[in-house]
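Undergrad: I am attaching a structure below and will ask some questions about it afterwards.
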Amino acid sequence: MEEILRMEHITKRFGEFYANRDINLSVLKGEVHTLLGENGAGKSTLMNILFGLYQPSGGQIFLHGKPVAIDSPATAVKLGIGMVHQHFMLVEAMTVFENIILGDRNTKGIFIDRNARRKEILELSERYNLDVELDKPITEIAVGAQQRVEILKALYRGAELLVLDEPTAALTDIEVEGLFRIMKKLVGEGKSIIFISHKMREVMQISDRITILRAGETVRTVERGETTGEELAGLMIGRELAPSHYAKVTKPGAAVVSLHDVDYQKKSKHNGLNGVTLEVGRGEILGIAGVDGNGQSQLAQLVTGVIAPEGGSVDMKGSRVATFSPNGFILENVSHIPEDRNKMGLIGNMSVMENILLKETGDPRFSDAGGWHLKRKAMRTYAEQMQQKYDIRCTSVAQESRNLSGGNQQKVILARELENHPDLLVAVHPTRGLDIGATRFVHDTMISARDAGCGVLLISADFDEILEMSDRIIVIFEGKIMGEYPGSNPPIDQISLAMAGK
Amino acid sequence: MNKNRFFSILVPFISVLLAFLVGCIIMAALGANPATALGALWKGAFGNTRNVGTTLSRATPLIFTSLCACFAYRCGVFNLGGEGQFLIGSVVCCYIATQSGIVGLPAIILCILCGGIAGGFWAAIPGLLKIYRGQNEMIISIMLNYVATLFMGVIYTNWLREGSVPQTMSVPDESKLSRLFGLRCTSAFVIAVVIGILVYYFLFYTSMGFQLRAVGLNMTASQFNGFAVKRYILFSFIISGVIAGVGGSAELLGTQFRLINGFGAGYGFDGVAMALIAQLHPLAAILVAIFFAALRVGSTTMQAATGVPTSVSEIIQALVIVFTVAGLAMVKLPEFKAALERIFSAGKEA
């Protein structure tokens with residue numbers, strides 16, 4: 001079959017970091033080609049290069065055998081590349097019809113020839129079974145229909161190669177079936193599709209060929225018929241067990257927090273929890289593994305009191321939690337390293353000192369008269385001690401925290417959250433975006449908190465981190481717990497399959 | 001000092017210079033000597049103790065409304081209803097001063113207290129609607145300004161009208177605020193400055209003020225760190241309204257003595273602009289209010305002495321606001337920061 005797209009030796013560097021390194025990808029006419037990889041494997045970067053949103057630092061793209069330079073999305077569209085983003089790019093207040101013709105230059109003078117356009121769209125929609133109601137506003141149609149609008153939009157602009165970025169993420173099972181029928185129809189008519197996913201079941205169902213990316217590099221391209229889900233999962237995770245730096249704890253202490261059958265927005269696959277039961281003991285690290293967006297954020301917010309469960313119960317140190325509020329949990333001595341340190345963890349425009357003391361200003365050590373007179377000097381001395389102890393690199397503790405590097409920002413949060421010996425630490429992606437040194441520091445600090453008797457709930461999409469740190473591992477998928485595994489000699493194959501929903 | 005901080009303090013001063021520069025060009029174009037005109041402006045505002053008194057008296061209500069805006073903005077909510085809260089305070093104050101029969105110091109204390117409470121109540125409406133119903137506090141507080149203005153209209157045209165003139169009867173002499181050193185400025189100015197200092201102390205030297213500022217700078221992080229975000233929002237709204245309400249009462253008891261068409265008009269938004277120029281610092285807000293009052297008071301002398309119309313002073317006032325807002329936005333631009341870096345590093349090499 002004819003080759004429609006070839007990407008050769010594509011490299012994309014951000015500073016010292018390689019998001020893509022020497023990637024090769026070849027897509028044939030009339031095939032569904034899946035890009036498979038974990039978060040951060042480089043799928044999105046590669047597709048952004050293809051769609052002209054990024055310029056590659058090296059490599060060459062060929063379309064129909066000819067080298068092309070794609071310098072903007074407009075060029076990509078002109079070359080027949082259509083992209084359906086994971087988050088739809090539709091104007092909600094406009095109708096389906098208006099969204100499809102939006103930005104179309106094909107006009108008669110200054111007017112839009114609505115009837116001709118409409119006929120064209122209806123033809124396309126019949127040909128590919130893309131059933132949409134043209135005159136409904138976007139807000140009134142279902143998510144699956146919005147996706148069909150996006151596909152129709154791309155086809156209307158003459159796309160020969162369609163990129164679908166995690167198209168099933170927001171769909172129900174029935175809608176997924178519908179989407180797959182459309183995809184089959186499209187490739188049957190000679191279009192080509194790049195399908196991005198990390199759900200093994202879907203990948204095995206729809207793909208013709210699969211290219212696996214890992215850590216910014218191509219692992220291999222395989223034919224669907226010649227592989228199995230197990231093999232793919234292995235290639236995607238792709239690692240042998242490296243011995244952990246830390247001794248594992250096998251006998252944790254009494255439970256600090258336990259969840260029984262907890263539900264939260266059960267129906268949502270990506271932002272809900274469904275019958276979650278788990279327990280974190282004193283002096284152990286329970287690692288929650290899973291691909292991002294399977295309920296991890298909700299789990300973290302639940303055990304820190306930000307949201308309340310809709311079903312089930314939560315026990316804190318043996319007594320049932322009646323009201324959920326962050327303050328209530330803080331008084332129960334729960335600490336939180338939130339997933340987004342800038343948005344949830346730090347007040348960026350406040351100083352390092354103020355951030356370290358955020359929750360402490362009412363304490364008699366730092367203010368007199370029940371909080372009505374701050375002891376500025378004591379605050380500063382304490383903050384400087386913490387700066388030494390946690391190795392926070394800043395010009396002074398008066399520096400605004402938003403001007404610190406990610407690693408140092410995380411150390412500010414550690415100083416605040418760990419200095420008072422919490423009973424439970426909830427750490428979400430604690431080393432995301434940090435360099436090796438800072439990562440090591442965060443890990444060492446968490447291990448010493450564990451050894452001092454703190455129960456740690458570690459939620460991370462970084463599988464290496466989970467393996468390195470956890471005394472027990474629980475895998476979460478679509479809000480459900482898929483299984484529990486020991487932290488020493490964990491069965492990697494089983495865990496990676498569980499992460500893919502098998 | 002932090003470079004960014006230094007520049008954001010510098011911006012208002014440069015803006016003032018630029019605004020005066022433009023003002024001078026206009027004066028010259030009108031055929032006046034800018035130096036003489038500015039001299040007259042200065043003389044009118046600060047030339048003798050009497051004029052200083054007048055300037056401070058004009059500054060007093062502006063100090064109240066800009067502190068009102070400062071306080072709410074520090075907590076991250078936009079109270080644009082300072083004017084309504086100011087008027088409601090003065091209405092309640094007027095009612096008590098003229099109808100209760102109490103006079104003298106007890107009346108003054110009672111009037112100011114009740115005026116403050118009324119202002120706080122008026123501000124609690126948008127606050128409550130925001131935290132319980134998610135309504136936009138800016139729109140509601142602006143709308144309530146009109147309600148308050150019209151309500152005041154009912155007061156001076158109907159309920160408390162004096163004879164056939166659409167104005168209320170005057171506050172009894174015994175209940176008027178005393179003048180300072182026989183000048184036009186009264187103890188209302190002292191109250192304003194004391195409130196400014198209290199607000200400053202509260203925001204920067206108490207645990208609660210610290211948490212309130214944290215809420216204003218990052219609500220999500222404050223919530224995650226256990227602060228009662230909604231309670232702080234409502235609290236800041238109410239206190240902000242109390243400040244405006246006290247201001248309305250003080251203006252009535254100190255300067256105007258009766259409600260009349262146009263009482264307090266424009267003070268609310270003037271306060272917002274001044275709070276922004278002061279970059280939400282309560283002590284700076286006091287100085288900015290005095291500066292604007294000086295421009296207003298001095299312009300009359302300028303017009304009388306040199307024939308430059310008072311509207312030139314209004315142009316200068318408006319330009320100060322425009323330049324400051326633009327300047328503050330500019331120093332936050334990444335391009336500006338990059339340019340600074342280049343200049344500073346070049347300086348080091350040389």
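Identifiers in the structure tokens: chain A, B, ... in order shown; residue index from 1 per chain; ligand index from 1 in order shown.
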Contacts between chain B and chain A, please, where a residue of chain A counts if it comes within 10 Å (with only C-alpha atoms); show its shortest atom pair and distance in Å to one decimal, rows by chain and ascending number, as JSON lines.
TA:
```
{"residue": "A:Gln301", "atom": "CA", "partner": "B:Phe224", "partner_atom": "CA", "distance": 8.8}
{"residue": "A:Thr304", "atom": "CA", "partner": "B:Phe224", "partner_atom": "CA", "distance": 8.1}
{"residue": "A:Gly305", "atom": "CA", "partner": "B:Phe224", "partner_atom": "CA", "distance": 8.6}
{"residue": "A:Val306", "atom": "CA", "partner": "B:Phe224", "partner_atom": "CA", "distance": 6.7}
{"residue": "A:Ser325", "atom": "CA", "partner": "B:Gly226", "partner_atom": "CA", "distance": 7.3}
{"residue": "A:Pro326", "atom": "CA", "partner": "B:Gly226", "partner_atom": "CA", "distance": 4.6}
{"residue": "A:Asn327", "atom": "CA", "partner": "B:Gly226", "partner_atom": "CA", "distance": 3.9}
{"residue": "A:Gly328", "atom": "CA", "partner": "B:Gly226", "partner_atom": "CA", "distance": 7.7}
{"residue": "A:Phe329", "atom": "CA", "partner": "B:Gly226", "partner_atom": "CA", "distance": 8.2}
{"residue": "A:Ile330", "atom": "CA", "partner": "B:Gly226", "partner_atom": "CA", "distance": 6.8}
{"residue": "A:Leu331", "atom": "CA", "partner": "B:Gly226", "partner_atom": "CA", "distance": 9.1}
{"residue": "A:Ser335", "atom": "CA", "partner": "B:Asn225", "partner_atom": "CA", "distance": 9.2}
{"residue": "A:His336", "atom": "CA", "partner": "B:Phe224", "partner_atom": "CA", "distance": 8.3}
{"residue": "A:Ile337", "atom": "CA", "partner": "B:Phe224", "partner_atom": "CA", "distance": 9.9}
{"residue": "A:Pro338", "atom": "CA", "partner": "B:Phe224", "partner_atom": "CA", "distance": 8.2}
{"residue": "A:Asp340", "atom": "CA", "partner": "B:Ala221", "partner_atom": "CA", "distance": 9.5}
{"residue": "A:Arg341", "atom": "CA", "partner": "B:Ala221", "partner_atom": "CA", "distance": 8.6}
{"residue": "A:Asn342", "atom": "CA", "partner": "B:Ala221", "partner_atom": "CA", "distance": 8.1}
{"residue": "A:Lys343", "atom": "CA", "partner": "B:Ala221", "partner_atom": "CA", "distance": 6.0}
{"residue": "A:Met344", "atom": "CA", "partner": "B:Ala221", "partner_atom": "CA", "distance": 3.9}
{"residue": "A:Gly345", "atom": "CA", "partner": "B:Ala221", "partner_atom": "CA", "distance": 5.2}
{"residue": "A:Leu346", "atom": "CA", "partner": "B:Ala221", "partner_atom": "CA", "distance": 6.1}
{"residue": "A:Ile347", "atom": "CA", "partner": "B:Asn218", "partner_atom": "CA", "distance": 5.6}
{"residue": "A:Gly348", "atom": "CA", "partner": "B:Asn218", "partner_atom": "CA", "distance": 7.7}
{"residue": "A:Asn349", "atom": "CA", "partner": "B:Leu217", "partner_atom": "CA", "distance": 6.8}
{"residue": "A:Met350", "atom": "CA", "partner": "B:Ala214", "partner_atom": "CA", "distance": 7.8}
{"residue": "A:Glu354", "atom": "CA", "partner": "B:Phe210", "partner_atom": "CA", "distance": 8.6}
{"residue": "A:Asn355", "atom": "CA", "partner": "B:Ala214", "partner_atom": "CA", "distance": 9.2}
{"residue": "A:Leu358", "atom": "CA", "partner": "B:Gln211", "partner_atom": "CA", "distance": 7.7}
{"residue": "A:Lys359", "atom": "CA", "partner": "B:Asn225", "partner_atom": "CA", "distance": 6.8}
{"residue": "A:Glu360", "atom": "CA", "partner": "B:Ser207", "partner_atom": "CA", "distance": 8.6}
{"residue": "A:Thr361", "atom": "CA", "partner": "B:Ser207", "partner_atom": "CA", "distance": 5.2}
{"residue": "A:Gly362", "atom": "CA", "partner": "B:Ser207", "partner_atom": "CA", "distance": 5.5}
{"residue": "A:Asp363", "atom": "CA", "partner": "B:Ser207", "partner_atom": "CA", "distance": 8.9}
{"residue": "A:Phe366", "atom": "CA", "partner": "B:Ser207", "partner_atom": "CA", "distance": 9.0}
{"residue": "A:Ser367", "atom": "CA", "partner": "B:Ser207", "partner_atom": "CA", "distance": 7.4}
{"residue": "A:Asp368", "atom": "CA", "partner": "B:Thr206", "partner_atom": "CA", "distance": 9.1}
{"residue": "A:Ala369", "atom": "CA", "partner": "B:Thr206", "partner_atom": "CA", "distance": 9.5}
{"residue": "A:Gly370", "atom": "CA", "partner": "B:Ser207", "partner_atom": "CA", "distance": 8.5}
{"residue": "A:Gly371", "atom": "CA", "partner": "B:Ser207", "partner_atom": "CA", "distance": 4.9}
{"residue": "A:Trp372", "atom": "CA", "partner": "B:Thr206", "partner_atom": "CA", "distance": 4.6}
{"residue": "A:His373", "atom": "CA", "partner": "B:Thr206", "partner_atom": "CA", "distance": 5.0}
{"residue": "A:Leu374", "atom": "CA", "partner": "B:Tyr205", "partner_atom": "CA", "distance": 5.2}
{"residue": "A:Lys375", "atom": "CA", "partner": "B:Tyr205", "partner_atom": "CA", "distance": 8.2}
{"residue": "A:Arg376", "atom": "CA", "partner": "B:Tyr205", "partner_atom": "CA", "distance": 8.1}
{"residue": "A:Ala398", "atom": "CA", "partner": "B:Asn2", "partner_atom": "CA", "distance": 9.1}
{"residue": "A:Gln399", "atom": "CA", "partner": "B:Asn2", "partner_atom": "CA", "distance": 7.9}
{"residue": "A:Glu400", "atom": "CA", "partner": "B:Asn2", "partner_atom": "CA", "distance": 9.3}
{"residue": "A:Glu417", "atom": "CA", "partner": "B:Asn225", "partner_atom": "CA", "distance": 9.9}
```
Undergrad: According to DSSP computed on the backbone, where in stretch 86-278 of chain A is there helix (DSSP H, G or I)? Give the residues as an MDAnalysis selection string.
TA: chainID A and resid 96:101 114:127 138:140 143:156 173:188 200:206 224:226 229:237
Undergrad: Using Å and a single decimal, report how far atom CA of A:Ala500 sits from atom CA of A:Gly272.
TA: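 Interatomic distance, atom CA of A:Gly272 to atom CA of A:Ala500: 17.0 Å.
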Undergrad: Contacts of A:Gln409 at 10 Å or less, counting only C-alpha atoms, minus same-chain residues fewer than 2 places along, as a PyMOL selection string?
TA: chain A and resi 341-342+345-346+348+352+355+392-394+401-407+411-415
Undergrad: Would you list the contacts of A:Glu284 as an MDAnalysis selection string, taking every protein, DNA or RNA residue within 12 Å and counting only C-alpha atoms, but skipping same-chain residues closer than 5 positions in sequence?
TA: chainID A and resid 247:257 279 423:425 446:458 469:473 486:487
Undergrad: Would you export the selected residues with C-alpha atoms as a PDB file, in the first residue's frame, please?
TA:
```
ATOM      1  CA  ALA A 247      14.272  -0.846  52.221  1.00  0.00           C
ATOM      2  CA  LYS A 248      10.645  -1.925  51.954  1.00  0.00           C
ATOM      3  CA  VAL A 249       8.363  -2.112  54.943  1.00  0.00           C
ATOM      4  CA  THR A 250       6.337  -5.301  55.099  1.00  0.00           C
ATOM      5  CA  LYS A 251       4.513  -4.887  58.383  1.00  0.00           C
ATOM      6  CA  PRO A 252       2.870  -1.455  58.590  1.00  0.00           C
ATOM      7  CA  GLY A 253       1.423  -0.109  61.834  1.00  0.00           C
ATOM      8  CA  ALA A 254      -2.211   0.586  62.659  1.00  0.00           C
ATOM      9  CA  ALA A 255      -4.343   2.201  59.975  1.00  0.00           C
ATOM     10  CA  VAL A 256      -4.156   5.998  59.754  1.00  0.00           C
ATOM     11  CA  VAL A 257      -6.820   6.310  57.144  1.00  0.00           C
ATOM     12  CA  GLU A 279      -6.088   1.495  53.958  1.00  0.00           C
ATOM     13  CA  ASP A 423       0.187  11.244  60.743  1.00  0.00           C
ATOM     14  CA  LEU A 424      -0.728  10.984  57.096  1.00  0.00           C
ATOM     15  CA  LEU A 425       0.998  12.457  54.072  1.00  0.00           C
ATOM     16  CA  MET A 446       9.306  11.095  52.249  1.00  0.00           C
ATOM     17  CA  ILE A 447      11.135   7.933  53.315  1.00  0.00           C
ATOM     18  CA  SER A 448      12.320   9.552  56.537  1.00  0.00           C
ATOM     19  CA  ALA A 449       8.768  10.717  57.230  1.00  0.00           C
ATOM     20  CA  ARG A 450       7.653   7.118  56.725  1.00  0.00           C
ATOM     21  CA  ASP A 451      10.360   5.826  59.042  1.00  0.00           C
ATOM     22  CA  ALA A 452       9.203   8.317  61.658  1.00  0.00           C
ATOM     23  CA  GLY A 453       5.770   6.645  61.596  1.00  0.00           C
ATOM     24  CA  CYS A 454       3.889   8.716  59.063  1.00  0.00           C
ATOM     25  CA  GLY A 455       1.531   6.888  56.739  1.00  0.00           C
ATOM     26  CA  VAL A 456       2.138   7.950  53.155  1.00  0.00           C
ATOM     27  CA  LEU A 457      -0.305   7.762  50.286  1.00  0.00           C
ATOM     28  CA  LEU A 458       1.769   8.257  47.149  1.00  0.00           C
ATOM     29  CA  MET A 469       8.989   4.167  46.821  1.00  0.00           C
ATOM     30  CA  SER A 470       6.032   1.929  47.563  1.00  0.00           C
ATOM     31  CA  ASP A 471       5.769  -0.679  50.267  1.00  0.00           C
ATOM     32  CA  ARG A 472       2.468  -1.731  48.741  1.00  0.00           C
ATOM     33  CA  ILE A 473       1.078  -0.904  45.325  1.00  0.00           C
ATOM     34  CA  PRO A 486       3.559  -6.136  47.213  1.00  0.00           C
ATOM     35  CA  GLY A 487       6.188  -3.417  47.004  1.00  0.00           C
TER      36      GLY A 487
END
```
Undergrad: Between atom CA of A:Ile288 and atom CA of A:Ile474, what is the distance in Å, rounded to a tenth?
TA: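 Result for atom CA of A:Ile288 versus atom CA of A:Ile474: 4.9 Å, one decimal.
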Undergrad: Do a neighbour search on B:Val297 at 8 Å with only C-alpha atoms, toss out local chain neighbours closer than 2 positions, and write the hits as a ChimeraX atom specification.
TA: /B:44-45,54-55,58,293-295,299-301
Undergrad: What lies within 9 Å of stretch 187-195 of chain B using only C-alpha atoms, ignoring chain neighbours under 6 positions off, as a ChimeraX atom specification?
TA: /B:56-57,59-61,63-64,67,177-180,243,246-247,250-251,253-255,283,286
Undergrad: If we count only C-alpha atoms, what is near B:Tyr73 at a cut-off of 12 Å, once residues fewer than 2 positions away on the same chain are taken out, given as a PyMOL selection string?
TA: chain B and resi 66-71+75-80+82+137-138+203+212-217+232-233+236-237+239-240+271-273+275-276+278-282
Undergrad: Take atom CA of A:Ala378 and atom CA of A:Asp444 and report the distance between them in Å, one decimal.
TA: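 Going from atom CA of A:Ala378 over to atom CA of A:Asp444 covers 28.1 Å.
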